[in-house]
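Structure below is model32.txt: compact mmCIF, C-alpha atoms and all ligand atoms.
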```txt
# COMPACT_ATOMS: atom_id res chain seq x y z
CA MET A 40 -33.90 -3.88 -75.81
CA LYS A 41 -32.75 -0.69 -77.52
CA LEU A 42 -29.44 -0.91 -79.30
CA ARG A 43 -27.73 1.40 -76.81
CA SER A 44 -28.79 -0.49 -73.69
CA LEU A 45 -28.11 -3.79 -75.42
CA LEU A 46 -24.58 -2.58 -76.09
CA LYS A 47 -24.21 -1.43 -72.51
CA PHE A 48 -25.53 -4.79 -71.25
CA SER A 49 -23.22 -6.89 -73.38
CA LEU A 50 -20.23 -4.75 -72.49
CA GLY A 51 -21.08 -5.19 -68.85
CA ALA A 52 -21.49 -8.93 -69.26
CA ALA A 53 -18.20 -9.17 -71.14
CA ALA A 54 -16.43 -7.22 -68.41
CA LEU A 55 -17.94 -9.46 -65.77
CA ALA A 56 -16.95 -12.57 -67.65
CA THR A 57 -13.40 -11.34 -68.10
CA PHE A 58 -13.21 -10.35 -64.45
CA GLY A 59 -14.59 -13.70 -63.35
CA LEU A 60 -12.12 -15.49 -65.56
CA ALA A 61 -9.26 -13.37 -64.26
CA GLN A 62 -10.34 -14.28 -60.70
CA ALA A 63 -10.47 -17.97 -61.40
CA GLN A 64 -7.23 -18.08 -63.33
CA ALA A 65 -5.17 -15.65 -61.22
CA PRO A 66 -1.78 -17.32 -61.28
CA LEU A 67 -0.49 -18.44 -57.89
CA PRO A 68 2.50 -16.50 -56.57
CA PRO A 69 5.78 -18.30 -57.33
CA GLY A 70 6.49 -21.22 -55.02
CA TYR A 71 2.85 -21.74 -54.00
CA LYS A 72 1.35 -25.24 -54.18
CA ALA A 73 -2.08 -25.88 -55.65
CA GLU A 74 -3.07 -27.68 -52.44
CA TYR A 75 -1.73 -27.97 -48.91
CA LYS A 76 -2.16 -30.95 -46.57
CA MET A 77 -3.52 -30.51 -43.04
CA SER A 78 -3.18 -33.41 -40.60
CA LEU A 79 -5.72 -34.09 -37.82
CA VAL A 80 -6.45 -37.11 -35.63
CA VAL A 81 -10.24 -36.84 -35.95
CA GLY A 82 -12.69 -35.48 -38.52
CA THR A 83 -15.25 -32.71 -38.63
CA ALA A 84 -17.80 -34.51 -36.41
CA PHE A 85 -15.42 -33.68 -33.56
CA PRO A 86 -14.61 -30.15 -32.28
CA TRP A 87 -10.97 -30.80 -33.22
CA GLY A 88 -11.74 -31.61 -36.87
CA LYS A 89 -14.28 -28.80 -37.00
CA GLY A 90 -11.47 -26.45 -35.95
CA GLY A 91 -9.45 -27.65 -38.92
CA GLU A 92 -12.33 -27.02 -41.27
CA ILE A 93 -12.86 -23.53 -39.88
CA TRP A 94 -9.15 -22.71 -40.25
CA ALA A 95 -8.98 -24.01 -43.83
CA ASN A 96 -12.14 -22.15 -44.86
CA LEU A 97 -11.00 -18.86 -43.34
CA VAL A 98 -7.63 -19.14 -45.09
CA LYS A 99 -9.20 -19.92 -48.46
CA GLU A 100 -11.66 -17.07 -48.16
CA ARG A 101 -9.17 -14.48 -46.94
CA THR A 102 -6.49 -15.38 -49.54
CA GLN A 103 -9.05 -15.48 -52.39
CA GLY A 104 -8.18 -19.14 -52.88
CA ARG A 105 -4.40 -18.67 -53.12
CA ILE A 106 -3.97 -21.02 -50.17
CA ASN A 107 -6.11 -24.07 -50.54
CA ILE A 108 -5.96 -26.62 -47.70
CA LYS A 109 -7.21 -30.19 -47.73
CA LEU A 110 -7.98 -31.99 -44.46
CA TYR A 111 -6.45 -35.40 -43.71
CA PRO A 112 -8.21 -36.73 -40.59
CA GLY A 113 -7.26 -40.05 -39.00
CA VAL A 114 -3.61 -38.92 -39.22
CA ALA A 115 -3.83 -40.54 -42.66
CA LEU A 116 -0.54 -38.99 -43.83
CA VAL A 117 1.32 -41.09 -41.21
CA GLN A 118 -0.87 -44.20 -41.55
CA GLY A 119 -2.77 -43.47 -38.33
CA ASP A 120 0.32 -43.38 -36.13
CA GLN A 121 -0.32 -40.13 -34.28
CA THR A 122 3.01 -40.20 -32.43
CA ARG A 123 4.83 -39.81 -35.79
CA GLU A 124 2.82 -36.75 -36.79
CA PHE A 125 5.22 -34.11 -35.51
CA THR A 126 8.22 -35.63 -37.29
CA ALA A 127 6.22 -35.72 -40.52
CA ILE A 128 5.40 -32.02 -40.18
CA ARG A 129 9.05 -31.19 -39.67
CA GLN A 130 10.02 -33.28 -42.68
CA GLY A 131 7.38 -31.72 -44.92
CA VAL A 132 5.19 -34.80 -45.40
CA ILE A 133 2.53 -32.69 -43.65
CA ASP A 134 2.17 -28.96 -44.46
CA LEU A 135 -0.09 -27.89 -41.60
CA ALA A 136 -1.60 -29.59 -38.56
CA ILE A 137 -3.68 -29.18 -35.48
CA GLY A 138 -2.08 -31.56 -33.05
CA SER A 139 -2.62 -32.70 -29.48
CA THR A 140 0.15 -31.92 -27.01
CA ILE A 141 0.06 -35.63 -26.07
CA ASN A 142 0.80 -36.87 -29.58
CA TRP A 143 3.81 -34.57 -30.03
CA SER A 144 5.21 -35.15 -26.54
CA PRO A 145 7.57 -37.96 -27.68
CA GLN A 146 9.43 -35.30 -29.70
CA ILE A 147 8.91 -32.30 -27.39
CA ARG A 148 9.24 -33.20 -23.71
CA GLU A 149 7.80 -29.85 -22.51
CA LEU A 150 4.41 -30.87 -23.95
CA ASN A 151 4.08 -33.50 -21.21
CA LEU A 152 3.31 -30.59 -18.87
CA PHE A 153 -0.43 -30.78 -19.62
CA SER A 154 -0.44 -34.52 -18.85
CA LEU A 155 0.85 -34.12 -15.29
CA PRO A 156 -1.94 -35.70 -13.26
CA PHE A 157 -4.19 -33.17 -11.53
CA LEU A 158 -2.08 -30.12 -12.43
CA MET A 159 -4.97 -28.14 -13.95
CA PRO A 160 -8.08 -28.05 -11.73
CA ASP A 161 -10.34 -26.18 -14.17
CA TYR A 162 -10.62 -24.39 -17.51
CA LYS A 163 -9.29 -21.19 -15.95
CA ALA A 164 -6.10 -23.06 -15.15
CA ILE A 165 -5.69 -24.27 -18.75
CA ASP A 166 -6.20 -20.71 -19.99
CA ALA A 167 -3.74 -19.34 -17.44
CA LEU A 168 -1.10 -21.65 -18.93
CA THR A 169 -1.79 -21.32 -22.65
CA HIS A 170 -2.38 -17.54 -22.53
CA GLY A 171 0.59 -16.76 -20.29
CA GLU A 172 4.33 -17.22 -19.91
CA VAL A 173 3.99 -21.02 -20.04
CA GLY A 174 2.26 -20.80 -23.43
CA LYS A 175 5.14 -18.68 -24.73
CA GLN A 176 7.74 -21.15 -23.49
CA ILE A 177 5.84 -24.09 -24.98
CA PHE A 178 5.57 -22.32 -28.36
CA ALA A 179 9.31 -21.62 -28.21
CA ALA A 180 9.90 -25.35 -27.64
CA VAL A 181 7.68 -26.31 -30.59
CA ASP A 182 9.47 -23.76 -32.77
CA LYS A 183 12.85 -25.10 -31.69
CA ALA A 184 11.72 -28.65 -32.45
CA GLY A 185 11.05 -27.57 -36.02
CA ALA A 186 7.48 -26.39 -36.69
CA LEU A 187 5.92 -22.94 -36.48
CA PRO A 188 3.19 -22.71 -33.79
CA LEU A 189 0.42 -20.19 -34.47
CA ALA A 190 -2.49 -20.72 -32.09
CA TRP A 191 -4.00 -22.83 -29.31
CA GLY A 192 -7.04 -25.05 -29.52
CA GLU A 193 -8.35 -27.72 -27.18
CA ASN A 194 -9.18 -31.41 -27.19
CA GLY A 195 -10.39 -31.27 -23.58
CA TYR A 196 -10.47 -32.75 -20.11
CA ARG A 197 -9.81 -36.46 -20.41
CA GLU A 198 -12.34 -38.42 -18.39
CA LEU A 199 -12.09 -42.08 -17.49
CA THR A 200 -14.44 -44.62 -19.07
CA ASN A 201 -14.76 -48.40 -18.91
CA SER A 202 -17.05 -51.31 -19.67
CA LYS A 203 -17.00 -53.05 -16.29
CA HIS A 204 -18.17 -50.95 -13.34
CA ALA A 205 -18.31 -47.47 -11.83
CA VAL A 206 -14.87 -46.26 -10.77
CA LYS A 207 -14.79 -44.18 -7.58
CA SER A 208 -11.38 -45.05 -6.16
CA PRO A 209 -8.00 -46.30 -7.38
CA ALA A 210 -9.02 -49.72 -5.98
CA ASP A 211 -11.84 -49.83 -8.57
CA LEU A 212 -9.23 -49.55 -11.32
CA LYS A 213 -7.32 -52.58 -10.14
CA GLY A 214 -6.64 -54.97 -13.00
CA LEU A 215 -8.67 -53.01 -15.56
CA LYS A 216 -7.02 -53.01 -18.97
CA ILE A 217 -6.93 -49.35 -20.00
CA ARG A 218 -5.94 -48.10 -23.44
CA VAL A 219 -3.63 -45.10 -23.18
CA VAL A 220 -2.07 -42.73 -25.71
CA GLY A 221 1.54 -42.82 -26.82
CA SER A 222 3.32 -41.07 -23.98
CA PRO A 223 5.13 -43.05 -21.26
CA LEU A 224 3.74 -40.60 -18.69
CA PHE A 225 0.32 -42.20 -19.17
CA LEU A 226 1.73 -45.67 -18.57
CA ASP A 227 3.22 -44.41 -15.30
CA THR A 228 -0.02 -42.77 -14.18
CA PHE A 229 -2.21 -45.82 -14.78
CA THR A 230 0.35 -48.20 -13.33
CA ALA A 231 0.45 -46.05 -10.17
CA LEU A 232 -3.34 -46.35 -9.98
CA GLY A 233 -3.18 -50.14 -10.09
CA ALA A 234 -4.63 -50.47 -13.59
CA ASN A 235 -3.15 -52.44 -16.46
CA PRO A 236 -2.39 -49.78 -19.11
CA THR A 237 -1.74 -50.63 -22.74
CA GLN A 238 -0.51 -48.16 -25.33
CA MET A 239 -2.20 -47.97 -28.73
CA SER A 240 -3.17 -45.49 -31.41
CA TRP A 241 -6.67 -44.06 -31.60
CA ALA A 242 -7.18 -46.02 -34.82
CA ASP A 243 -6.41 -49.32 -33.07
CA ALA A 244 -8.26 -48.39 -29.88
CA GLN A 245 -11.80 -48.37 -31.24
CA PRO A 246 -11.84 -51.98 -32.50
CA ALA A 247 -10.15 -52.97 -29.22
CA PHE A 248 -13.08 -51.51 -27.25
CA ALA A 249 -15.57 -53.22 -29.54
CA SER A 250 -13.95 -56.65 -29.16
CA GLY A 251 -13.47 -56.23 -25.42
CA ALA A 252 -9.69 -56.60 -25.79
CA VAL A 253 -9.42 -53.55 -23.55
CA ASP A 254 -11.79 -52.51 -20.75
CA GLY A 255 -11.40 -48.77 -20.65
CA GLN A 256 -9.81 -45.57 -21.89
CA GLU A 257 -9.55 -41.85 -21.22
CA ASN A 258 -10.66 -39.12 -23.63
CA PRO A 259 -12.65 -35.88 -23.63
CA MET A 260 -16.45 -36.23 -23.57
CA SER A 261 -16.67 -34.61 -27.01
CA ILE A 262 -14.61 -37.51 -28.33
CA PHE A 263 -16.79 -39.97 -26.39
CA THR A 264 -20.00 -38.70 -28.01
CA ALA A 265 -18.71 -38.17 -31.55
CA ALA A 266 -17.04 -41.61 -31.58
CA LYS A 267 -20.13 -43.12 -29.89
CA LEU A 268 -18.04 -44.97 -27.34
CA HIS A 269 -21.20 -46.08 -25.51
CA ASN A 270 -21.82 -48.35 -28.52
CA VAL A 271 -18.52 -50.15 -27.94
CA GLY A 272 -19.21 -51.04 -24.33
CA GLN A 273 -18.01 -47.89 -22.57
CA LYS A 274 -20.93 -47.61 -20.15
CA PHE A 275 -19.19 -46.11 -17.10
CA VAL A 276 -17.71 -42.61 -16.99
CA THR A 277 -15.80 -41.09 -14.09
CA MET A 278 -15.52 -37.30 -14.20
CA TRP A 279 -12.12 -36.85 -12.61
CA GLY A 280 -10.61 -34.08 -14.79
CA TYR A 281 -7.10 -35.42 -14.25
CA VAL A 282 -5.48 -33.97 -17.39
CA ALA A 283 -6.50 -31.96 -20.46
CA ASP A 284 -4.80 -31.82 -23.84
CA PRO A 285 -4.62 -28.49 -25.62
CA LEU A 286 -4.24 -28.51 -29.41
CA ILE A 287 -1.61 -26.51 -31.29
CA PHE A 288 -2.07 -25.08 -34.79
CA VAL A 289 1.23 -25.34 -36.68
CA VAL A 290 2.72 -24.86 -40.15
CA ASN A 291 5.81 -26.50 -41.64
CA LYS A 292 8.59 -23.89 -41.71
CA ASP A 293 9.51 -24.20 -45.40
CA ILE A 294 5.86 -23.85 -46.39
CA TRP A 295 5.58 -20.79 -44.17
CA ALA A 296 8.66 -19.23 -45.77
CA SER A 297 7.19 -19.80 -49.24
CA TRP A 298 4.19 -17.53 -48.52
CA THR A 299 4.14 -13.74 -48.87
CA PRO A 300 4.19 -11.77 -45.60
CA ALA A 301 0.59 -10.72 -46.26
CA ASP A 302 -0.54 -14.34 -46.65
CA GLN A 303 1.46 -15.38 -43.56
CA ALA A 304 -0.46 -12.76 -41.59
CA VAL A 305 -3.75 -14.11 -42.94
CA VAL A 306 -2.91 -17.72 -42.03
CA ARG A 307 -1.82 -16.69 -38.53
CA GLN A 308 -4.94 -14.62 -37.85
CA ALA A 309 -7.17 -17.37 -39.26
CA ALA A 310 -5.51 -19.87 -36.88
CA LEU A 311 -6.16 -17.55 -33.92
CA ASP A 312 -9.80 -17.05 -34.95
CA ALA A 313 -10.36 -20.76 -35.62
CA GLY A 314 -8.64 -21.72 -32.35
CA LYS A 315 -10.89 -19.46 -30.34
CA GLU A 316 -13.98 -20.86 -32.02
CA GLU A 317 -12.76 -24.45 -31.68
CA ILE A 318 -12.17 -24.05 -27.92
CA ALA A 319 -15.74 -22.76 -27.49
CA ILE A 320 -17.07 -25.79 -29.42
CA ALA A 321 -14.90 -28.19 -27.38
CA ARG A 322 -16.24 -26.79 -24.08
CA LYS A 323 -19.87 -26.62 -25.16
CA GLY A 324 -22.14 -28.56 -22.84
CA LEU A 325 -19.48 -28.78 -20.13
CA VAL A 326 -19.09 -25.18 -18.99
CA GLU A 327 -22.77 -24.37 -18.46
CA ALA A 328 -23.96 -24.79 -14.86
CA ASP A 329 -26.17 -27.83 -15.63
CA LYS A 330 -23.62 -29.46 -18.01
CA PRO A 331 -26.14 -30.49 -20.69
CA LEU A 332 -23.62 -32.75 -22.47
CA LEU A 333 -23.47 -35.02 -19.42
CA LYS A 334 -27.27 -35.27 -19.40
CA GLU A 335 -27.17 -36.31 -23.05
CA ILE A 336 -24.59 -38.98 -22.30
CA ALA A 337 -26.50 -40.29 -19.27
CA ALA A 338 -29.57 -40.56 -21.51
CA LEU A 339 -27.61 -43.05 -23.64
CA GLY A 340 -27.61 -45.46 -20.69
CA VAL A 341 -24.19 -44.45 -19.42
CA THR A 342 -23.48 -44.22 -15.68
CA ILE A 343 -21.70 -40.98 -14.86
CA THR A 344 -19.76 -40.87 -11.60
CA GLN A 345 -18.93 -37.49 -10.08
CA LEU A 346 -16.20 -37.74 -7.45
CA THR A 347 -16.54 -36.05 -4.08
CA PRO A 348 -13.48 -33.97 -3.11
CA PRO A 349 -12.11 -36.71 -0.78
CA GLU A 350 -12.65 -39.37 -3.48
CA ARG A 351 -10.78 -37.23 -5.99
CA GLU A 352 -8.01 -36.63 -3.49
CA ALA A 353 -7.31 -40.39 -3.33
CA PHE A 354 -6.47 -40.32 -7.08
CA VAL A 355 -4.31 -37.22 -6.60
CA LYS A 356 -2.39 -38.90 -3.80
CA ALA A 357 -1.84 -42.15 -5.69
CA THR A 358 -0.41 -40.30 -8.72
CA ARG A 359 1.74 -37.81 -6.81
CA PRO A 360 4.99 -39.82 -7.25
CA VAL A 361 4.35 -39.81 -11.02
CA TYR A 362 3.88 -36.04 -10.92
CA ASP A 363 7.16 -35.59 -9.06
CA LYS A 364 9.10 -37.91 -11.35
CA TRP A 365 7.80 -36.20 -14.50
CA LYS A 366 8.20 -32.70 -13.11
CA ALA A 367 11.94 -33.30 -13.23
CA GLN A 368 11.78 -34.79 -16.75
CA ILE A 369 9.68 -31.95 -18.17
CA GLY A 370 11.83 -29.30 -16.50
CA ALA A 371 11.21 -28.19 -12.91
CA GLY A 372 11.49 -24.52 -13.96
CA LEU A 373 8.64 -24.78 -16.46
CA VAL A 374 6.46 -26.75 -14.05
CA ASP A 375 7.11 -24.21 -11.26
CA THR A 376 6.06 -21.40 -13.61
CA ALA A 377 2.91 -23.36 -14.45
CA GLU A 378 2.06 -24.03 -10.80
CA LYS A 379 2.45 -20.32 -10.00
CA ALA A 380 0.31 -19.25 -12.96
CA ILE A 381 -2.45 -21.63 -11.87
CA ALA A 382 -2.30 -20.49 -8.24
CA ALA A 383 -2.59 -16.89 -9.43
CA SER A 384 -5.66 -17.76 -11.51
CA ARG A 385 -7.65 -19.09 -8.52
O1 LIG B 401 -5.80 -40.83 -29.20
C1 LIG B 401 -6.50 -40.14 -28.46
O2 LIG B 401 -6.92 -40.54 -27.38
C2 LIG B 401 -6.84 -38.74 -28.90
C3 LIG B 401 -7.80 -38.82 -30.07
O3 LIG B 401 -7.47 -38.05 -27.86
C4 LIG B 401 -5.57 -38.03 -29.24
O4 LIG B 401 -5.21 -37.93 -30.39
C5 LIG B 401 -4.73 -37.52 -28.14
```
Once more with this new file: its structure as structure tokens, please.
Amino acid sequence: MKLRSLLKFSLGAAALATFGLAQAQAPLPPGYKAEYKMSLVVGTAFPWGKGGEIWANLVKERTQGRINIKLYPGVALVQGDQTREFTAIRQGVIDLAIGSTINWSPQIRELNLFSLPFLMPDYKAIDALTHGEVGKQIFAAVDKAGALPLAWGENGYRELTNSKHAVKSPADLKGLKIRVVGSPLFLDTFTALGANPTQMSWADAQPAFASGAVDGQENPMSIFTAAKLHNVGQKFVTMWGYVADPLIFVVNKDIWASWTPADQAVVRQAALDAGKEEIAIARKGLVEADKPLLKEIAALGVTITQLTPPEREAFVKATRPVYDKWKAQIGAGLVDTAEKAIAASR
């Protein structure tokens, strides 16, 4: 190399090195933490956890690493007790979360809306709620309860599974021990159907299926496949679409206030982008005409029961008193608005 080009080369390399160093060592703005904690119930093998990974990666990329988020699946920051997650966000034990409306419903009664049996007949109905006036009112309730909501995601339609026999009518549920999530509304629904519901966390539920301590449960099919519930005896699935749980992307309010307006905008937009992508992942295999996910599950030796309209109606009828009771508890005004939004979406 001639002296001149050598000089040019080394100057360039030096500049690059300095620049690289400056990038790596750029001091964080005052008040920023080196790492933020994101709580999730399940990990990246599930659409829900994948959504968390997408959100964290987008934020890191778009803030040039100023906001660095670590995922804590298994609600590890509250020792697996998913019903304590919202309180921990408010208190700052958790910085960010993607949470199920069910798990936060003990603290925010409006979130029980999505668990009203047979309120939402299809995906269009869910979207009509989350994207409309109801979504705004729910976000206002979450904000008032103490965390900043940014975007919607989705766990999914919760289908019924058990280890004993195909369930086609409420009579088939009689005496079956069904694990339910931590909202009293679920106890009411399964009691009305003649089952024997028992409340436990997701962490405790899986060993309970394996040991046969409980017979059945309800969860989205994406949870069923990622958790391999067919391997813990869950051989019968009834596609009844009785409730669906949306997910909400939130940030602790003090953490939010510690970020610059530009970074707040980045985190918000990243949540919206990740939420949209997560919902598409959660619905994959279930929205196509031939529902390929159900074929995959059937191929695992699982019996999938599709209800005829009159069969489904028997479940609707049996749970109607629960719907009416909880409509009043959630707030009749909010439920009326939801019913109208769904009717308009048909
Ligand atoms: O516990 C469940 O069933 C789960 C994983 O779906 C929720 O966190 C609501």
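Look at A:Val282: the protein and nucleic acid residues within 10 Å of it, using all atoms listed in the file and passing over chain neighbours fewer than 3 places away, are Leu152, Phe153, Ser154, Leu155, Pro156, Phe157, Leu158, Met159, Pro160, Asp161, Ile165, Gly195, Tyr196, Arg197, Glu198, Glu257, Asn258, Pro259, Trp279 and Pro285 of chain A.
Using only C-alpha atoms, the shortest contact distance between A:Lys334 and any of A:Val220, A:Ala313, A:Met260, A:Ala266 is found at A:Met260.
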Legend entry - Neighbourhood of ligand LIG 401 (chain B) at 10 Å, counting only C-alpha atoms and all ligand atoms, reported as a PyMOL selection string: chain A and resi 79-81+85+87+113-114+119-122+138-143+194-197+218-222+238-245+256-259+261-263+266+283-286
Output for the residues just chosen: C-alpha atoms as a JSON list (two decimals), in the frame of the given file:
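Result file follows (again-v6.json):
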```
[["chain", "number", "residue", "atom", "x", "y", "z"],
["A", 79, "LEU", "CA", -5.72, -34.09, -37.82],
["A", 80, "VAL", "CA", -6.45, -37.11, -35.63],
["A", 81, "VAL", "CA", -10.24, -36.84, -35.95],
["A", 85, "PHE", "CA", -15.42, -33.68, -33.56],
["A", 87, "TRP", "CA", -10.97, -30.80, -33.22],
["A", 113, "GLY", "CA", -7.26, -40.05, -39.00],
["A", 114, "VAL", "CA", -3.61, -38.92, -39.22],
["A", 119, "GLY", "CA", -2.77, -43.47, -38.33],
["A", 120, "ASP", "CA", 0.32, -43.38, -36.13],
["A", 121, "GLN", "CA", -0.32, -40.13, -34.28],
["A", 122, "THR", "CA", 3.01, -40.20, -32.43],
["A", 138, "GLY", "CA", -2.08, -31.56, -33.05],
["A", 139, "SER", "CA", -2.62, -32.70, -29.48],
["A", 140, "THR", "CA", 0.15, -31.92, -27.01],
["A", 141, "ILE", "CA", 0.06, -35.63, -26.07],
["A", 142, "ASN", "CA", 0.80, -36.87, -29.58],
["A", 143, "TRP", "CA", 3.81, -34.57, -30.03],
["A", 194, "ASN", "CA", -9.18, -31.41, -27.19],
["A", 195, "GLY", "CA", -10.39, -31.27, -23.58],
["A", 196, "TYR", "CA", -10.47, -32.75, -20.11],
["A", 197, "ARG", "CA", -9.81, -36.46, -20.41],
["A", 218, "ARG", "CA", -5.94, -48.10, -23.44],
["A", 219, "VAL", "CA", -3.63, -45.10, -23.18],
["A", 220, "VAL", "CA", -2.07, -42.73, -25.71],
["A", 221, "GLY", "CA", 1.54, -42.82, -26.82],
["A", 222, "SER", "CA", 3.32, -41.07, -23.98],
["A", 238, "GLN", "CA", -0.51, -48.16, -25.33],
["A", 239, "MET", "CA", -2.20, -47.97, -28.73],
["A", 240, "SER", "CA", -3.17, -45.49, -31.41],
["A", 241, "TRP", "CA", -6.67, -44.06, -31.60],
["A", 242, "ALA", "CA", -7.18, -46.02, -34.82],
["A", 243, "ASP", "CA", -6.41, -49.32, -33.07],
["A", 244, "ALA", "CA", -8.26, -48.39, -29.88],
["A", 245, "GLN", "CA", -11.80, -48.37, -31.24],
["A", 256, "GLN", "CA", -9.81, -45.57, -21.89],
["A", 257, "GLU", "CA", -9.55, -41.85, -21.22],
["A", 258, "ASN", "CA", -10.66, -39.12, -23.63],
["A", 259, "PRO", "CA", -12.65, -35.88, -23.63],
["A", 261, "SER", "CA", -16.67, -34.61, -27.01],
["A", 262, "ILE", "CA", -14.61, -37.51, -28.33],
["A", 263, "PHE", "CA", -16.79, -39.97, -26.39],
["A", 266, "ALA", "CA", -17.04, -41.61, -31.58],
["A", 283, "ALA", "CA", -6.50, -31.96, -20.46],
["A", 284, "ASP", "CA", -4.80, -31.82, -23.84],
["A", 285, "PRO", "CA", -4.62, -28.49, -25.62],
["A", 286, "LEU", "CA", -4.24, -28.51, -29.41]]
```
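Relative to atom CA of A:Leu215, atom CA of A:Pro112 is found at 29.9 Å.
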Legend entry - atom CA of A:Leu189 to atom CA of A:Leu97, straight-line distance in Å: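 Atom CA of A:Leu189 lies 14.5 Å from atom CA of A:Leu97.
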Inset, instruction - Find, counting only C-alpha atoms, the residue in A:Ala319, A:Ser202, A:Ala380, A:Gly370 that gets nearest to A:Gly171. - result: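 Closest residue, counting only C-alpha atoms: A:Ala380.
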Inset, instruction - Write out as a PyMOL selection string each polymer residue whose atoms come within 10 Å of A:Lys292, counting only C-alpha atoms; drop sequence neighbours fewer than 6 positions from it. - result: chain A and resi 128-131+134-135+182+185-188
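Close contacts of A:Ile217, defined as residues with an atom at most 9 Å away when counting all atoms listed in the file, with chain neighbours fewer than 6 positions off set aside, comprise Thr200, Asn201, Phe229, Ala234, Asn235, Pro236, Thr237, Gln238, Val253, Asp254, Gly255, Gln256 and Glu257 of chain A.
Relative to atom CA of A:Val305, atom CA of A:Ala115 is found at 26.4 Å.
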If I wrap all listed atoms of stretch 179-196 of chain A in a box with edges along x, y and z and add 8 Å on each side, what are its centre and edge lengths in Å to one decimal, as AutoDock Vina command-line options?
```
--center_x 1.2 --center_y -26.5 --center_z -28.4 --size_x 39.3 --size_y 28.6 --size_z 32.6
```
Which residues of stretch 239-348 of chain A sit at most 9 Å from stretch 70-76 of chain A, using all atoms listed in the file? Give each one's shortest atom pair and distance in Å (one decimal place), in chain and ascending residue order, as a tab-separated table.
```
residue	atom	partner	partner_atom	distance
A:Ile294	CA	A:Tyr71	CA	8.5
A:Ser297	CA	A:Gly70	CA	6.0
A:Trp298	CA	A:Tyr71	CA	7.0
```
Legend entry - Contact residues around A:Trp94 with all atoms listed in the file at 8 Å, ignoring same-chain residues under 5 positions, as JSON, numbers by chain: {"A": [309, 310, 312, 313, 314]}
Legend entry - Top pick for closest residue to A:Thr230, considering A:Ala265, A:Val271, A:Leu212, A:Met278 and counting only C-alpha atoms: A:Leu212
